Amino acid sequence: MPGRSEQTLIKERRETAMLNKGVQDAINEQIKNELYSAYLYLSMSAYCEAVNLPGFAHWMRLQSQEEVSHAMKYFEFINDRGGRVVLQAIDQPPIEFQSPLDVFQQTLEHERKVTAMIHRLYELAVKENDYATQAQLQWFITEQVEEEKRASEIVERLKMIGDQGPALLMLDRQLGERGSGH
């Protein structure tokens with residue numbers, strides 16, 4: 001319609017949104033968290049490159065890309081529900097790690113934090129009787145089981161390897177074979 005400002009259109013969209021404001025704000029926060037995850041894994045990839053473990057670096061780059069795709073699922077969900085995506089600042093991730101084991105222990109710890117965040121988001125959706133968001137979050141809950149399992153398996157392998165260089169190089173080669181579908 002002629003004469004309606006951009007601000008008016010945004011206000012009207014908010015008034016007719018199918019997404020509760022509290023849920024929308026929490027999902028916007030989760031977009032930031034997913035993008036931080038991507039940034040963290042990209043930093044871990046850079047570290048792995050610096051210590052000459054290209055397979056580990058490759059695995060982490062793919063993990064970073066996966067986290068961006070998760071952020072975009074939330075982004076699209078907000079838009080599909082008539083909400084408003086509001087991007088937030090992303091903190092700088094750590095840049096130094098003690099070892100490949102440290103990288104994957106931090107990965108596992110981070111994935112557990114993400115799982116807890118998604119559970120809190122789900123609890124909010126239940127409290128608000130937001131069934132569409134609950135359904136959307138089921139995918140993420142299932143995905144987190146897989147994320148934690150993969151990180152845990154690599155942590156355990158690295159513990160078994162210890163400081164055995166040849167075994168570390170074999171694992172590096174194996175991680176370098178990861179395809180984009182996990």
# chains A, B, ... in the order shown; residues from 1 in each chain; ligands from 1
>>> residues_around(residues="Thr133 (chain A)", least_positions_apart="5", cutoff="10 Å", atoms="only C-alpha atoms", output="JSON, numbers by chain")
{"A": [19, 23, 24, 27, 74, 77, 78, 81, 121, 122, 124, 125, 126, 128, 138]}
>>> write_last_selection(atoms="N, CA and C atoms", output="CSV table (one decimal), in the first residue's frame")
chain,number,residue,atom,x,y,z
A,19,LEU,N,4.2,-15.8,16.5
A,19,LEU,CA,5.3,-16.2,17.5
A,19,LEU,C,5.3,-15.3,18.7
A,23,VAL,N,9.3,-16.2,23.2
A,23,VAL,CA,9.9,-17.3,22.4
A,23,VAL,C,10.7,-16.7,21.3
A,24,GLN,N,10.3,-15.7,20.6
A,24,GLN,CA,11.0,-15.1,19.5
A,24,GLN,C,12.4,-14.6,20.1
A,27,ILE,N,14.7,-17.5,20.7
A,27,ILE,CA,15.2,-18.1,19.5
A,27,ILE,C,16.3,-17.2,18.9
A,74,TYR,N,16.9,-21.7,12.6
A,74,TYR,CA,16.2,-20.9,13.5
A,74,TYR,C,15.7,-19.6,12.8
A,77,PHE,N,12.8,-20.2,10.7
A,77,PHE,CA,11.6,-20.5,11.5
A,77,PHE,C,11.0,-19.2,12.0
A,78,ILE,N,11.8,-18.3,12.5
A,78,ILE,CA,11.3,-17.0,13.0
A,78,ILE,C,10.5,-16.3,11.9
A,81,ARG,N,7.2,-17.9,10.9
A,81,ARG,CA,6.2,-17.6,12.0
A,81,ARG,C,5.8,-16.2,12.1
A,121,LEU,N,15.0,-23.7,25.9
A,121,LEU,CA,14.1,-23.1,24.9
A,121,LEU,C,12.8,-24.0,24.7
A,122,TYR,N,13.0,-25.3,24.7
A,122,TYR,CA,11.9,-26.2,24.6
A,122,TYR,C,10.9,-26.0,25.8
A,124,LEU,N,10.5,-23.3,27.5
A,124,LEU,CA,9.7,-22.1,27.3
A,124,LEU,C,8.6,-22.3,26.3
A,125,ALA,N,8.9,-23.0,25.2
A,125,ALA,CA,7.8,-23.3,24.2
A,125,ALA,C,6.7,-24.1,24.9
A,126,VAL,N,7.0,-25.0,25.8
A,126,VAL,CA,5.9,-25.8,26.5
A,126,VAL,C,5.1,-24.9,27.3
A,128,GLU,N,4.6,-21.8,27.0
A,128,GLU,CA,3.8,-20.8,26.2
A,128,GLU,C,2.8,-21.6,25.3
A,138,GLN,N,12.3,-30.4,18.3
A,138,GLN,CA,12.5,-31.8,18.4
A,138,GLN,C,13.7,-32.2,17.5
>>> closest_atom_pairs(of="region 34-62 of chain A", to="region 151-164 of chain A", cutoff="12 Å", atoms="only C-alpha atoms", output="CSV")
residue,atom,partner,partner_atom,distance
A:Phe56,CA,A:Ile154,CA,10.5
A:Trp59,CA,A:Ala151,CA,11.0
A:Met60,CA,A:Ala151,CA,10.9
>>> write_last_selection(atoms="N, CA and C atoms", output="mmCIF file, in the first residue's frame")
data_model
loop_
_atom_site.group_PDB
_atom_site.id
_atom_site.type_symbol
_atom_site.label_atom_id
_atom_site.label_comp_id
_atom_site.auth_asym_id
_atom_site.auth_seq_id
_atom_site.Cartn_x
_atom_site.Cartn_y
_atom_site.Cartn_z
ATOM 1 N N PHE A 56 41.895 -32.846 11.315
ATOM 2 C CA PHE A 56 41.169 -32.248 12.429
ATOM 3 C C PHE A 56 40.596 -30.900 11.996
ATOM 4 N N TRP A 59 37.573 -31.395 9.787
ATOM 5 C CA TRP A 59 36.425 -31.824 10.587
ATOM 6 C C TRP A 59 35.786 -30.614 11.272
ATOM 7 N N MET A 60 36.629 -29.759 11.840
ATOM 8 C CA MET A 60 36.120 -28.577 12.540
ATOM 9 C C MET A 60 35.493 -27.558 11.583
#
>>> closest_residue(among="A:Gln88, A:Tyr131, A:Lys113, A:Arg173", to="Ala26 (chain A)", atoms="only C-alpha atoms")
A:Gln88
>>> residues_around(residues="Ser69 (chain A)", least_positions_apart="6", cutoff="12 Å", atoms="only C-alpha atoms", output="list in words")
Ile31, Glu34, Leu35, Ser37, Ala38, Leu62, Gln63, Phe75, Glu76, Phe140, Ser180 and Gly181 of chain A
>>> closest_residue(among="A:Ile90, A:Met117, A:Met170, A:Ile95", to="Tyr41 (chain A)", atoms="only C-alpha atoms")
A:Ile95
>>> select_by_dssp(residues="chain A", states="helix (DSSP H, G or I)", output="MDAnalysis selection string")
chainID A and resid 6:15 21:50 54:80 100:127 131:161 165:176
>>> write_last_selection(atoms="C-alpha atoms", output="short mmCIF file (atom, residue, chain, number, x, y, z; two decimals), in the first residue's frame")
data_model
loop_
_atom_site.label_atom_id
_atom_site.label_comp_id
_atom_site.auth_asym_id
_atom_site.auth_seq_id
_atom_site.Cartn_x
_atom_site.Cartn_y
_atom_site.Cartn_z
CA GLU A 6 8.83 0.63 6.68
CA GLN A 7 8.39 1.12 10.43
CA THR A 8 4.61 0.80 10.07
CA LEU A 9 5.00 -2.44 8.12
CA ILE A 10 7.35 -3.84 10.79
CA LYS A 11 4.92 -2.87 13.55
CA GLU A 12 1.99 -4.49 11.72
CA ARG A 13 4.01 -7.65 11.16
CA ARG A 14 4.84 -7.82 14.88
CA GLU A 15 1.18 -7.35 15.81
CA LYS A 21 7.65 -12.33 21.79
CA GLY A 22 9.41 -14.22 24.60
CA VAL A 23 9.85 -17.29 22.39
CA GLN A 24 11.03 -15.09 19.53
CA ASP A 25 13.61 -13.38 21.76
CA ALA A 26 14.84 -16.76 23.03
CA ILE A 27 15.19 -18.10 19.48
CA ASN A 28 17.07 -14.95 18.48
CA GLU A 29 19.43 -15.65 21.39
CA GLN A 30 19.83 -19.22 20.12
CA ILE A 31 20.74 -17.92 16.65
CA LYS A 32 23.58 -16.01 18.32
CA ASN A 33 24.59 -19.15 20.24
CA GLU A 34 24.67 -21.26 17.08
CA LEU A 35 26.74 -18.63 15.27
CA TYR A 36 29.11 -18.51 18.24
CA SER A 37 29.42 -22.29 17.95
CA ALA A 38 30.35 -21.87 14.29
CA TYR A 39 32.92 -19.24 15.24
CA LEU A 40 34.34 -21.46 18.01
CA TYR A 41 34.74 -24.43 15.67
CA LEU A 42 36.31 -22.23 13.01
CA SER A 43 38.82 -21.04 15.63
CA MET A 44 39.51 -24.66 16.55
CA SER A 45 40.02 -25.41 12.86
CA ALA A 46 42.59 -22.61 12.63
CA TYR A 47 44.42 -24.05 15.65
CA CYS A 48 44.44 -27.53 14.10
CA GLU A 49 45.86 -26.11 10.86
CA ALA A 50 48.55 -24.31 12.87
CA PRO A 54 44.66 -30.85 8.45
CA GLY A 55 42.16 -33.67 9.05
CA PHE A 56 41.17 -32.25 12.43
CA ALA A 57 40.98 -28.79 10.81
CA HIS A 58 38.72 -30.15 8.05
CA TRP A 59 36.42 -31.82 10.59
CA MET A 60 36.12 -28.58 12.54
CA ARG A 61 35.44 -26.49 9.41
CA LEU A 62 32.58 -28.82 8.51
CA GLN A 63 31.33 -28.61 12.08
CA SER A 64 31.41 -24.82 11.81
CA GLN A 65 29.38 -24.94 8.60
CA GLU A 66 26.87 -27.25 10.26
CA GLU A 67 26.39 -24.75 13.09
CA VAL A 68 25.72 -21.97 10.59
CA SER A 69 23.06 -24.18 9.01
CA HIS A 70 21.50 -24.66 12.46
CA ALA A 71 21.42 -20.88 12.97
CA MET A 72 19.72 -20.52 9.60
CA LYS A 73 17.05 -23.09 10.56
CA TYR A 74 16.16 -20.88 13.53
CA PHE A 75 16.39 -17.75 11.34
CA GLU A 76 13.96 -19.18 8.79
CA PHE A 77 11.64 -20.48 11.52
CA ILE A 78 11.26 -17.00 13.03
CA ASN A 79 10.51 -15.57 9.59
CA ASP A 80 8.08 -18.38 8.75
CA PRO A 100 43.82 -31.98 20.00
CA LEU A 101 42.38 -33.67 23.10
CA ASP A 102 41.76 -30.25 24.66
CA VAL A 103 40.01 -29.15 21.45
CA PHE A 104 37.61 -32.09 21.56
CA GLN A 105 37.06 -31.95 25.31
CA GLN A 106 36.04 -28.31 24.85
CA THR A 107 33.88 -29.33 21.89
CA LEU A 108 32.07 -31.92 24.01
CA GLU A 109 31.62 -29.46 26.88
CA HIS A 110 30.31 -26.83 24.45
CA GLU A 111 27.85 -29.28 22.85
CA ARG A 112 26.52 -30.14 26.30
CA LYS A 113 25.95 -26.42 26.96
CA VAL A 114 24.12 -26.10 23.64
CA THR A 115 21.95 -29.09 24.57
CA ALA A 116 21.01 -27.37 27.85
CA MET A 117 20.17 -24.15 25.96
CA ILE A 118 17.88 -26.04 23.58
CA HIS A 119 16.20 -27.80 26.51
CA ARG A 120 15.51 -24.41 28.14
CA LEU A 121 14.10 -23.14 24.86
CA TYR A 122 11.87 -26.21 24.65
CA GLU A 123 10.69 -25.66 28.23
CA LEU A 124 9.73 -22.09 27.29
CA ALA A 125 7.82 -23.32 24.24
CA VAL A 126 5.94 -25.80 26.45
CA LYS A 127 5.15 -23.08 29.00
CA TYR A 131 3.38 -26.37 19.64
CA ALA A 132 5.04 -25.33 16.38
CA THR A 133 8.21 -24.32 18.21
CA GLN A 134 8.13 -27.55 20.21
CA ALA A 135 7.93 -29.52 16.97
CA GLN A 136 10.79 -27.52 15.44
CA LEU A 137 12.95 -28.03 18.52
CA GLN A 138 12.49 -31.82 18.39
CA TRP A 139 14.86 -31.86 15.40
CA PHE A 140 17.48 -29.94 17.37
CA ILE A 141 17.10 -32.18 20.43
CA THR A 142 17.72 -35.26 18.29
CA GLU A 143 20.64 -33.55 16.55
CA GLN A 144 22.28 -32.76 19.89
CA VAL A 145 22.30 -36.44 20.86
CA GLU A 146 24.35 -37.08 17.72
CA GLU A 147 26.60 -34.04 18.28
CA GLU A 148 27.50 -35.12 21.81
CA LYS A 149 28.03 -38.73 20.73
CA ARG A 150 30.46 -37.79 17.93
CA ALA A 151 32.49 -35.45 20.15
CA SER A 152 32.58 -38.01 22.97
CA GLU A 153 33.80 -40.77 20.64
CA ILE A 154 36.67 -38.59 19.42
CA VAL A 155 37.59 -37.60 22.99
CA GLU A 156 37.77 -41.29 23.92
CA ARG A 157 39.92 -42.11 20.88
CA LEU A 158 42.29 -39.27 21.70
CA LYS A 159 42.59 -40.52 25.29
CA MET A 160 43.47 -44.00 23.99
CA ILE A 161 46.03 -42.54 21.59
CA GLY A 165 52.22 -39.79 17.04
CA PRO A 166 51.43 -42.44 14.40
CA ALA A 167 47.99 -43.10 15.93
CA LEU A 168 47.28 -39.35 16.02
CA LEU A 169 48.16 -39.10 12.33
CA MET A 170 45.83 -42.02 11.55
CA LEU A 171 42.98 -40.30 13.39
CA ASP A 172 43.83 -37.05 11.58
CA ARG A 173 43.50 -38.84 8.25
CA GLN A 174 40.21 -40.43 9.36
CA LEU A 175 38.74 -37.09 10.47
CA GLY A 176 39.84 -35.56 7.18
#
>>> atom_distance(atom1="CA of Glu96 (chain A)", atom2="CA of Asn52 (chain A)")
14.3 Å
